[in-house]
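Data file: target38.csv. Format and content: CSV, N, CA, C and O atoms.
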chain,number,residue,atom,x,y,z
H,82,MET,N,-35.1,50.0,-23.3
H,82,MET,CA,-34.4,48.9,-22.8
H,82,MET,C,-33.0,48.9,-23.4
H,82,MET,O,-32.8,49.2,-24.6
H,83,THR,N,-32.0,48.7,-22.5
H,83,THR,CA,-30.6,48.7,-23.0
H,83,THR,C,-30.2,47.3,-23.4
H,83,THR,O,-30.7,46.3,-22.9
H,84,THR,N,-29.2,47.3,-24.3
H,84,THR,CA,-28.7,46.0,-24.8
H,84,THR,C,-27.5,45.7,-24.0
H,84,THR,O,-26.6,46.5,-23.9
H,85,PRO,N,-27.3,44.5,-23.5
H,85,PRO,CA,-26.1,44.1,-22.8
H,85,PRO,C,-24.9,44.3,-23.6
H,85,PRO,O,-24.9,44.1,-24.8
H,86,LEU,N,-23.8,44.7,-23.0
H,86,LEU,CA,-22.5,44.9,-23.7
H,86,LEU,C,-22.1,43.7,-24.5
H,86,LEU,O,-21.6,43.8,-25.6
H,87,ARG,N,-22.2,42.5,-23.9
H,87,ARG,CA,-21.7,41.3,-24.5
H,87,ARG,C,-22.4,41.1,-25.8
H,87,ARG,O,-21.8,40.7,-26.8
H,88,SER,N,-23.8,41.3,-25.9
H,88,SER,CA,-24.5,41.1,-27.1
H,88,SER,C,-24.1,42.1,-28.2
H,88,SER,O,-24.4,41.8,-29.4
H,89,ARG,N,-23.6,43.2,-27.8
H,89,ARG,CA,-23.1,44.2,-28.8
H,89,ARG,C,-21.7,44.0,-29.2
H,89,ARG,O,-21.2,44.8,-30.0
H,90,GLY,N,-21.1,43.0,-28.7
H,90,GLY,CA,-19.7,42.7,-29.1
H,90,GLY,C,-18.7,43.5,-28.3
H,90,GLY,O,-17.6,43.6,-28.8
H,91,LEU,N,-19.0,44.0,-27.1
H,91,LEU,CA,-18.0,44.7,-26.4
H,91,LEU,C,-17.5,43.9,-25.2
H,91,LEU,O,-18.2,43.2,-24.5
H,92,LEU,N,-16.2,43.9,-25.0
H,92,LEU,CA,-15.5,43.2,-24.0
H,92,LEU,C,-15.0,44.1,-22.9
H,92,LEU,O,-14.5,45.2,-23.2
H,93,THR,N,-15.0,43.7,-21.7
H,93,THR,CA,-14.4,44.4,-20.6
H,93,THR,C,-12.9,44.1,-20.6
H,93,THR,O,-12.4,43.1,-21.1
H,94,ILE,N,-12.1,44.9,-19.8
H,94,ILE,CA,-10.7,44.6,-19.7
H,94,ILE,C,-10.5,43.3,-18.9
H,94,ILE,O,-9.7,42.5,-19.3
H,95,ARG,N,-11.4,43.0,-18.0
H,95,ARG,CA,-11.3,41.7,-17.2
H,95,ARG,C,-11.5,40.5,-18.2
H,95,ARG,O,-10.8,39.6,-18.1
H,96,GLU,N,-12.5,40.6,-19.1
H,96,GLU,CA,-12.7,39.5,-20.0
H,96,GLU,C,-11.5,39.3,-21.0
H,96,GLU,O,-11.1,38.2,-21.2
H,97,VAL,N,-10.9,40.4,-21.5
H,97,VAL,CA,-9.7,40.3,-22.3
H,97,VAL,C,-8.6,39.7,-21.6
H,97,VAL,O,-7.9,38.8,-22.1
H,98,CYS,N,-8.3,40.2,-20.4
H,98,CYS,CA,-7.2,39.6,-19.6
H,98,CYS,C,-7.4,38.2,-19.3
H,98,CYS,O,-6.5,37.4,-19.3
H,99,ALA,N,-8.6,37.8,-19.0
H,99,ALA,CA,-8.9,36.3,-18.8
H,99,ALA,C,-8.7,35.5,-20.0
H,99,ALA,O,-8.1,34.4,-19.9
H,100,GLU,N,-9.1,36.0,-21.2
H,100,GLU,CA,-8.9,35.2,-22.4
H,100,GLU,C,-7.4,35.1,-22.8
H,100,GLU,O,-6.9,34.1,-23.2
H,101,LEU,N,-6.6,36.2,-22.5
H,101,LEU,CA,-5.2,36.2,-22.8
H,101,LEU,C,-4.3,35.6,-21.7
H,101,LEU,O,-3.1,35.4,-21.8
H,102,MET,N,-5.0,35.4,-20.5
H,102,MET,CA,-4.3,34.9,-19.3
H,102,MET,C,-3.1,35.8,-18.9
H,102,MET,O,-2.0,35.4,-18.7
H,103,ILE,N,-3.5,37.1,-18.8
H,103,ILE,CA,-2.5,38.1,-18.4
H,103,ILE,C,-3.1,38.9,-17.3
H,103,ILE,O,-4.3,38.9,-17.0
H,104,SER,N,-2.3,39.6,-16.5
H,104,SER,CA,-2.7,40.4,-15.4
H,104,SER,C,-3.3,41.8,-16.0
H,104,SER,O,-2.9,42.2,-17.1
H,105,ARG,N,-4.1,42.4,-15.2
H,105,ARG,CA,-4.6,43.7,-15.6
H,105,ARG,C,-3.4,44.7,-15.8
H,105,ARG,O,-3.5,45.5,-16.7
H,106,SER,N,-2.4,44.6,-14.9
H,106,SER,CA,-1.3,45.6,-15.1
H,106,SER,C,-0.5,45.3,-16.4
H,106,SER,O,0.0,46.3,-17.0
H,107,THR,N,-0.4,44.1,-16.8
H,107,THR,CA,0.2,43.8,-18.1
H,107,THR,C,-0.6,44.4,-19.2
H,107,THR,O,0.0,45.1,-20.2
H,108,PHE,N,-1.9,44.3,-19.2
H,108,PHE,CA,-2.8,45.0,-20.2
H,108,PHE,C,-2.5,46.5,-20.3
H,108,PHE,O,-2.3,47.0,-21.3
H,109,TYR,N,-2.5,47.1,-19.1
H,109,TYR,CA,-2.3,48.6,-19.1
H,109,TYR,C,-0.9,48.9,-19.5
H,109,TYR,O,-0.7,50.0,-20.1
H,110,ASP,N,0.1,48.1,-19.3
H,110,ASP,CA,1.5,48.3,-19.7
H,110,ASP,C,1.5,48.3,-21.3
H,110,ASP,O,2.0,49.1,-21.9
H,111,TRP,N,0.8,47.2,-21.8
H,111,TRP,CA,0.7,47.1,-23.3
H,111,TRP,C,0.0,48.4,-23.9
H,111,TRP,O,0.4,48.9,-24.9
H,112,ARG,N,-1.1,48.8,-23.2
H,112,ARG,CA,-1.8,50.0,-23.7
H,112,ARG,C,-1.0,51.2,-23.7
H,112,ARG,O,-1.0,52.0,-24.6
H,113,ALA,N,-0.1,51.4,-22.6
H,113,ALA,CA,0.8,52.6,-22.6
H,113,ALA,C,1.8,52.5,-23.7
H,113,ALA,O,2.2,53.6,-24.2
H,114,LYS,N,2.2,51.3,-24.1
H,114,LYS,CA,3.2,51.1,-25.2
H,114,LYS,C,2.5,51.0,-26.6
H,114,LYS,O,3.1,50.7,-27.5
H,115,ARG,N,1.1,51.2,-26.6
H,115,ARG,CA,0.4,51.1,-27.8
H,115,ARG,C,0.5,49.7,-28.5
H,115,ARG,O,0.5,49.6,-29.7
H,116,ARG,N,0.5,48.7,-27.6
H,116,ARG,CA,0.5,47.3,-28.1
H,116,ARG,C,-0.7,46.5,-27.8
H,116,ARG,O,-0.9,45.4,-28.2
H,117,ALA,N,-1.7,47.2,-27.2
H,117,ALA,CA,-3.0,46.6,-26.8
H,117,ALA,C,-4.0,46.8,-27.9
H,117,ALA,O,-3.8,47.7,-28.7
H,118,PRO,N,-5.1,46.0,-27.9
H,118,PRO,CA,-6.1,46.3,-28.9
H,118,PRO,C,-6.8,47.7,-28.6
H,118,PRO,O,-6.7,48.2,-27.5
H,119,ARG,N,-7.4,48.2,-29.7
H,119,ARG,CA,-8.0,49.5,-29.5
H,119,ARG,C,-9.1,49.5,-28.5
H,119,ARG,O,-9.8,48.5,-28.4
H,120,CYS,N,-9.2,50.6,-27.7
H,120,CYS,CA,-10.2,50.6,-26.6
H,120,CYS,C,-11.2,51.8,-26.9
H,120,CYS,O,-10.8,52.8,-27.5
H,121,ILE,N,-12.4,51.6,-26.3
H,121,ILE,CA,-13.4,52.6,-26.3
H,121,ILE,C,-13.4,53.1,-24.8
H,121,ILE,O,-13.6,52.3,-23.9
H,122,LYS,N,-13.3,54.4,-24.6
H,122,LYS,CA,-13.4,55.0,-23.2
H,122,LYS,C,-14.8,55.5,-23.0
H,122,LYS,O,-15.3,56.3,-23.7
H,123,LEU,N,-15.5,54.9,-22.0
H,123,LEU,CA,-16.8,55.3,-21.7
H,123,LEU,C,-16.8,56.6,-20.9
H,123,LEU,O,-15.8,56.9,-20.3
H,124,PRO,N,-18.0,57.2,-20.8
H,124,PRO,CA,-18.1,58.5,-20.0
H,124,PRO,C,-17.7,58.3,-18.6
H,124,PRO,O,-17.1,59.3,-18.0
H,125,ASN,N,-17.8,57.1,-18.0
H,125,ASN,CA,-17.4,56.9,-16.6
H,125,ASN,C,-16.0,56.5,-16.5
H,125,ASN,O,-15.5,56.3,-15.4
H,126,GLY,N,-15.2,56.5,-17.6
H,126,GLY,CA,-13.8,56.2,-17.5
H,126,GLY,C,-13.5,54.7,-17.8
H,126,GLY,O,-12.3,54.4,-18.0
H,127,ASP,N,-14.5,53.9,-17.7
H,127,ASP,CA,-14.2,52.4,-18.0
H,127,ASP,C,-13.8,52.2,-19.5
H,127,ASP,O,-14.2,53.0,-20.3
H,128,LEU,N,-13.1,51.2,-19.7
H,128,LEU,CA,-12.7,50.9,-21.1
H,128,LEU,C,-13.4,49.6,-21.6
H,128,LEU,O,-13.7,48.7,-20.8
H,129,ARG,N,-13.7,49.6,-22.9
H,129,ARG,CA,-14.3,48.5,-23.5
H,129,ARG,C,-13.6,48.2,-24.8
H,129,ARG,O,-13.0,49.2,-25.4
H,130,ILE,N,-13.6,47.0,-25.3
H,130,ILE,CA,-12.9,46.6,-26.5
H,130,ILE,C,-13.9,45.9,-27.4
H,130,ILE,O,-14.6,45.0,-27.0
H,131,ARG,N,-14.0,46.4,-28.6
H,131,ARG,CA,-14.9,45.7,-29.6
H,131,ARG,C,-14.4,44.3,-29.9
H,131,ARG,O,-13.2,44.2,-30.1
H,132,ARG,N,-15.2,43.3,-29.9
H,132,ARG,CA,-14.8,42.0,-30.2
H,132,ARG,C,-14.1,41.9,-31.5
H,132,ARG,O,-13.0,41.3,-31.7
H,133,SER,N,-14.6,42.7,-32.5
H,133,SER,CA,-14.0,42.7,-33.8
H,133,SER,C,-12.5,43.3,-33.8
H,133,SER,O,-11.6,42.8,-34.5
H,134,ASP,N,-12.3,44.3,-33.0
H,134,ASP,CA,-11.0,44.9,-32.9
H,134,ASP,C,-10.1,43.9,-32.2
H,134,ASP,O,-8.9,43.8,-32.5
H,135,TYR,N,-10.6,43.3,-31.2
H,135,TYR,CA,-9.8,42.3,-30.4
H,135,TYR,C,-9.4,41.1,-31.4
H,135,TYR,O,-8.2,40.8,-31.4
H,136,GLU,N,-10.3,40.6,-32.2
H,136,GLU,CA,-10.0,39.5,-33.1
H,136,GLU,C,-8.9,40.0,-34.1
H,136,GLU,O,-8.0,39.2,-34.5
H,137,HIS,N,-9.1,41.2,-34.6
H,137,HIS,CA,-8.2,41.7,-35.6
H,137,HIS,C,-6.8,41.9,-35.0
H,137,HIS,O,-5.8,41.6,-35.6
H,138,TRP,N,-6.7,42.4,-33.8
H,138,TRP,CA,-5.5,42.6,-33.1
H,138,TRP,C,-4.8,41.2,-32.9
H,138,TRP,O,-3.6,41.1,-33.1
H,139,LEU,N,-5.6,40.2,-32.5
H,139,LEU,CA,-5.0,38.8,-32.3
H,139,LEU,C,-4.5,38.3,-33.7
H,139,LEU,O,-3.4,37.7,-33.7
H,140,ASP,N,-5.2,38.5,-34.7
H,140,ASP,CA,-4.7,38.0,-36.0
H,140,ASP,C,-3.4,38.7,-36.4
H,140,ASP,O,-2.6,38.0,-37.0
H,141,GLY,N,-3.2,39.9,-36.0
H,141,GLY,CA,-2.0,40.6,-36.3
H,141,GLY,C,-0.8,40.1,-35.5
H,141,GLY,O,0.4,40.4,-35.9
H,142,ARG,N,-1.0,39.3,-34.5
H,142,ARG,CA,0.1,38.7,-33.7
H,142,ARG,C,0.3,37.2,-34.1
H,142,ARG,O,1.1,36.6,-33.4
H,143,GLU,N,-0.3,36.8,-35.1
H,143,GLU,CA,-0.1,35.4,-35.5
H,143,GLU,C,1.3,35.1,-36.0
H,143,GLU,O,1.8,35.9,-36.8
H,144,ASP,N,1.9,34.0,-35.5
H,144,ASP,CA,3.2,33.7,-35.9
H,144,ASP,C,3.2,32.9,-37.2
H,144,ASP,O,2.4,32.0,-37.4
H,145,CYS,N,4.0,33.4,-38.2
H,145,CYS,CA,4.0,32.8,-39.5
H,145,CYS,C,5.0,31.7,-39.7
H,145,CYS,O,5.2,31.2,-40.8
H,146,ALA,N,5.6,31.2,-38.6
H,146,ALA,CA,6.6,30.2,-38.7
H,146,ALA,C,6.1,28.9,-39.1
H,146,ALA,O,5.0,28.5,-39.0

Please render this file's structure as structure tokens.
Amino acid sequence: MTTPLRSRGLLTIREVCAELMISRSTFYDWRAKRRAPRCIKLPNGDLRIRRSDYEHWLDGREDCA
């Protein structure tokens, strides 16, 4: 039996874009500029992001003002 990706803490690009309220093209632009959270490339070419990497990435963008 396989474990659903969500229960393993993996997010799809669609889920990340929805949480950040950005377009898919913006995410890929950030990825090309190495400004996006770390991604895991699956054998079929799809990308996933660990929830922990996403949270760490968000923490790094916190404004200290």

I need the residues of chain H that end up classed as strand (DSSP E or B) by DSSP on the backbone, written out as a PyMOL selection string.
chain H and resi 91-93+121-122+128-131

Output the selection as a JSON list (two decimals), in the frame of the given file - N, CA, C and O atoms for each residue.
[["chain", "number", "residue", "atom", "x", "y", "z"],
["H", 91, "LEU", "N", -19.00, 44.00, -27.10],
["H", 91, "LEU", "CA", -18.00, 44.70, -26.40],
["H", 91, "LEU", "C", -17.50, 43.90, -25.20],
["H", 91, "LEU", "O", -18.20, 43.20, -24.50],
["H", 92, "LEU", "N", -16.20, 43.90, -25.00],
["H", 92, "LEU", "CA", -15.50, 43.20, -24.00],
["H", 92, "LEU", "C", -15.00, 44.10, -22.90],
["H", 92, "LEU", "O", -14.50, 45.20, -23.20],
["H", 93, "THR", "N", -15.00, 43.70, -21.70],
["H", 93, "THR", "CA", -14.40, 44.40, -20.60],
["H", 93, "THR", "C", -12.90, 44.10, -20.60],
["H", 93, "THR", "O", -12.40, 43.10, -21.10],
["H", 121, "ILE", "N", -12.40, 51.60, -26.30],
["H", 121, "ILE", "CA", -13.40, 52.60, -26.30],
["H", 121, "ILE", "C", -13.40, 53.10, -24.80],
["H", 121, "ILE", "O", -13.60, 52.30, -23.90],
["H", 122, "LYS", "N", -13.30, 54.40, -24.60],
["H", 122, "LYS", "CA", -13.40, 55.00, -23.20],
["H", 122, "LYS", "C", -14.80, 55.50, -23.00],
["H", 122, "LYS", "O", -15.30, 56.30, -23.70],
["H", 128, "LEU", "N", -13.10, 51.20, -19.70],
["H", 128, "LEU", "CA", -12.70, 50.90, -21.10],
["H", 128, "LEU", "C", -13.40, 49.60, -21.60],
["H", 128, "LEU", "O", -13.70, 48.70, -20.80],
["H", 129, "ARG", "N", -13.70, 49.60, -22.90],
["H", 129, "ARG", "CA", -14.30, 48.50, -23.50],
["H", 129, "ARG", "C", -13.60, 48.20, -24.80],
["H", 129, "ARG", "O", -13.00, 49.20, -25.40],
["H", 130, "ILE", "N", -13.60, 47.00, -25.30],
["H", 130, "ILE", "CA", -12.90, 46.60, -26.50],
["H", 130, "ILE", "C", -13.90, 45.90, -27.40],
["H", 130, "ILE", "O", -14.60, 45.00, -27.00],
["H", 131, "ARG", "N", -14.00, 46.40, -28.60],
["H", 131, "ARG", "CA", -14.90, 45.70, -29.60],
["H", 131, "ARG", "C", -14.40, 44.30, -29.90],
["H", 131, "ARG", "O", -13.20, 44.20, -30.10]]

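Put simply, atom O of Trp111 of chain H is 15.8 Å away from atom C of Glu96 of chain H.
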
Which one of H:Lys122, H:His137, H:Arg142, H:Arg129 sits closest to Thr93 of chain H if you count only C-alpha atoms?
H:Arg129

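Straight-line separation from atom C of Gly141 of chain H to atom O of Arg116 of chain H: 9.0 Å.
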
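DSSP, applied to the backbone of this structure, assigns alpha helix (DSSP H) to the following residues of chain H: Ile94, Arg95, Glu96, Val97, Cys98, Ala99, Glu100, Leu101, Arg105, Ser106, Thr107, Phe108, Tyr109, Asp110, Trp111, Arg112, Ala113, Arg132, Ser133, Asp134, Tyr135, Glu136, His137, Trp138, Leu139 and Asp140 of chain H.
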
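Between atom C of Leu92 of chain H and atom C of Ile130 of chain H lies a distance of 5.0 Å.
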
Within 10 Å of Leu91 of chain H using only C-alpha atoms, minus same-chain residues under 5 positions, as a PyMOL selection string:
chain H and resi 85-86+96+120-121+128-135

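Among the candidate residues H:Ile94, H:Glu136, H:Glu100, H:Pro124, the one lying nearest to Arg112 of chain H is H:Ile94, with distances computed using only C-alpha atoms.
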
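Using only C-alpha atoms, the nearest neighbour of Cys98 of chain H within the list H:Pro118, H:Asn125, H:Glu143, H:Ala113 is H:Pro118.
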
Please fill the gaps in segment 115-126 of chain H so it has all heavy atoms, and write that as a JSON list (two decimals), keeping the file's coordinate frame.
[["chain", "number", "residue", "atom", "x", "y", "z"],
["H", 115, "ARG", "N", 1.10, 51.20, -26.60],
["H", 115, "ARG", "CA", 0.40, 51.10, -27.80],
["H", 115, "ARG", "C", 0.50, 49.70, -28.50],
["H", 115, "ARG", "O", 0.50, 49.60, -29.70],
["H", 115, "ARG", "CB", 0.72, 52.19, -28.81],
["H", 115, "ARG", "CG", 0.48, 53.58, -28.27],
["H", 115, "ARG", "CD", 0.74, 54.63, -29.33],
["H", 115, "ARG", "NE", 0.48, 55.95, -28.79],
["H", 115, "ARG", "CZ", -0.66, 56.60, -28.98],
["H", 115, "ARG", "NH1", -1.63, 56.04, -29.65],
["H", 115, "ARG", "NH2", -0.82, 57.80, -28.48],
["H", 116, "ARG", "N", 0.50, 48.70, -27.60],
["H", 116, "ARG", "CA", 0.50, 47.30, -28.10],
["H", 116, "ARG", "C", -0.70, 46.50, -27.80],
["H", 116, "ARG", "O", -0.90, 45.40, -28.20],
["H", 116, "ARG", "CB", 1.73, 46.58, -27.46],
["H", 116, "ARG", "CG", 3.04, 47.14, -27.89],
["H", 116, "ARG", "CD", 4.17, 46.36, -27.29],
["H", 116, "ARG", "NE", 5.44, 46.92, -27.73],
["H", 116, "ARG", "CZ", 6.59, 46.64, -27.20],
["H", 116, "ARG", "NH1", 6.65, 45.81, -26.18],
["H", 116, "ARG", "NH2", 7.69, 47.19, -27.67],
["H", 117, "ALA", "N", -1.70, 47.20, -27.20],
["H", 117, "ALA", "CA", -3.00, 46.60, -26.80],
["H", 117, "ALA", "C", -4.00, 46.80, -27.90],
["H", 117, "ALA", "O", -3.80, 47.70, -28.70],
["H", 117, "ALA", "CB", -3.46, 47.13, -25.49],
["H", 118, "PRO", "N", -5.10, 46.00, -27.90],
["H", 118, "PRO", "CA", -6.10, 46.30, -28.90],
["H", 118, "PRO", "C", -6.80, 47.70, -28.60],
["H", 118, "PRO", "O", -6.70, 48.20, -27.50],
["H", 118, "PRO", "CB", -7.12, 45.18, -28.68],
["H", 118, "PRO", "CG", -6.78, 44.56, -27.39],
["H", 118, "PRO", "CD", -5.36, 44.87, -27.09],
["H", 119, "ARG", "N", -7.40, 48.20, -29.70],
["H", 119, "ARG", "CA", -8.00, 49.50, -29.50],
["H", 119, "ARG", "C", -9.10, 49.50, -28.50],
["H", 119, "ARG", "O", -9.80, 48.50, -28.40],
["H", 119, "ARG", "CB", -8.64, 49.95, -30.88],
["H", 119, "ARG", "CG", -7.62, 50.32, -31.90],
["H", 119, "ARG", "CD", -8.26, 50.63, -33.25],
["H", 119, "ARG", "NE", -9.51, 51.36, -33.11],
["H", 119, "ARG", "CZ", -10.29, 51.67, -34.13],
["H", 119, "ARG", "NH1", -9.97, 51.30, -35.34],
["H", 119, "ARG", "NH2", -11.41, 52.34, -33.94],
["H", 120, "CYS", "N", -9.20, 50.60, -27.70],
["H", 120, "CYS", "CA", -10.20, 50.60, -26.60],
["H", 120, "CYS", "C", -11.20, 51.80, -26.90],
["H", 120, "CYS", "O", -10.80, 52.80, -27.50],
["H", 120, "CYS", "CB", -9.50, 50.83, -25.30],
["H", 120, "CYS", "SG", -8.43, 49.48, -24.80],
["H", 121, "ILE", "N", -12.40, 51.60, -26.30],
["H", 121, "ILE", "CA", -13.40, 52.60, -26.30],
["H", 121, "ILE", "C", -13.40, 53.10, -24.80],
["H", 121, "ILE", "O", -13.60, 52.30, -23.90],
["H", 121, "ILE", "CB", -14.73, 52.10, -26.68],
["H", 121, "ILE", "CG1", -14.68, 51.56, -28.10],
["H", 121, "ILE", "CG2", -15.81, 53.16, -26.53],
["H", 121, "ILE", "CD1", -15.88, 50.72, -28.46],
["H", 122, "LYS", "N", -13.30, 54.40, -24.60],
["H", 122, "LYS", "CA", -13.40, 55.00, -23.20],
["H", 122, "LYS", "C", -14.80, 55.50, -23.00],
["H", 122, "LYS", "O", -15.30, 56.30, -23.70],
["H", 122, "LYS", "CB", -12.36, 56.08, -23.03],
["H", 122, "LYS", "CG", -12.22, 56.50, -21.60],
["H", 122, "LYS", "CD", -11.04, 57.40, -21.42],
["H", 122, "LYS", "CE", -10.76, 57.60, -19.95],
["H", 122, "LYS", "NZ", -9.55, 58.39, -19.75],
["H", 123, "LEU", "N", -15.50, 54.90, -22.00],
["H", 123, "LEU", "CA", -16.80, 55.30, -21.70],
["H", 123, "LEU", "C", -16.80, 56.60, -20.90],
["H", 123, "LEU", "O", -15.80, 56.90, -20.30],
["H", 123, "LEU", "CB", -17.51, 54.14, -20.94],
["H", 123, "LEU", "CG", -17.57, 52.78, -21.66],
["H", 123, "LEU", "CD1", -18.22, 51.75, -20.75],
["H", 123, "LEU", "CD2", -18.31, 52.91, -22.97],
["H", 124, "PRO", "N", -18.00, 57.20, -20.80],
["H", 124, "PRO", "CA", -18.10, 58.50, -20.00],
["H", 124, "PRO", "C", -17.70, 58.30, -18.60],
["H", 124, "PRO", "O", -17.10, 59.30, -18.00],
["H", 124, "PRO", "CB", -19.54, 58.89, -20.14],
["H", 124, "PRO", "CG", -19.99, 58.29, -21.43],
["H", 124, "PRO", "CD", -19.23, 56.99, -21.54],
["H", 125, "ASN", "N", -17.80, 57.10, -18.00],
["H", 125, "ASN", "CA", -17.40, 56.90, -16.60],
["H", 125, "ASN", "C", -16.00, 56.50, -16.50],
["H", 125, "ASN", "O", -15.50, 56.30, -15.40],
["H", 125, "ASN", "CB", -18.33, 55.85, -15.96],
["H", 125, "ASN", "CG", -18.14, 54.47, -16.56],
["H", 125, "ASN", "OD1", -17.36, 54.29, -17.49],
["H", 125, "ASN", "ND2", -18.85, 53.50, -16.04],
["H", 126, "GLY", "N", -15.20, 56.50, -17.60],
["H", 126, "GLY", "CA", -13.80, 56.20, -17.50],
["H", 126, "GLY", "C", -13.50, 54.70, -17.80],
["H", 126, "GLY", "O", -12.30, 54.40, -18.00]]
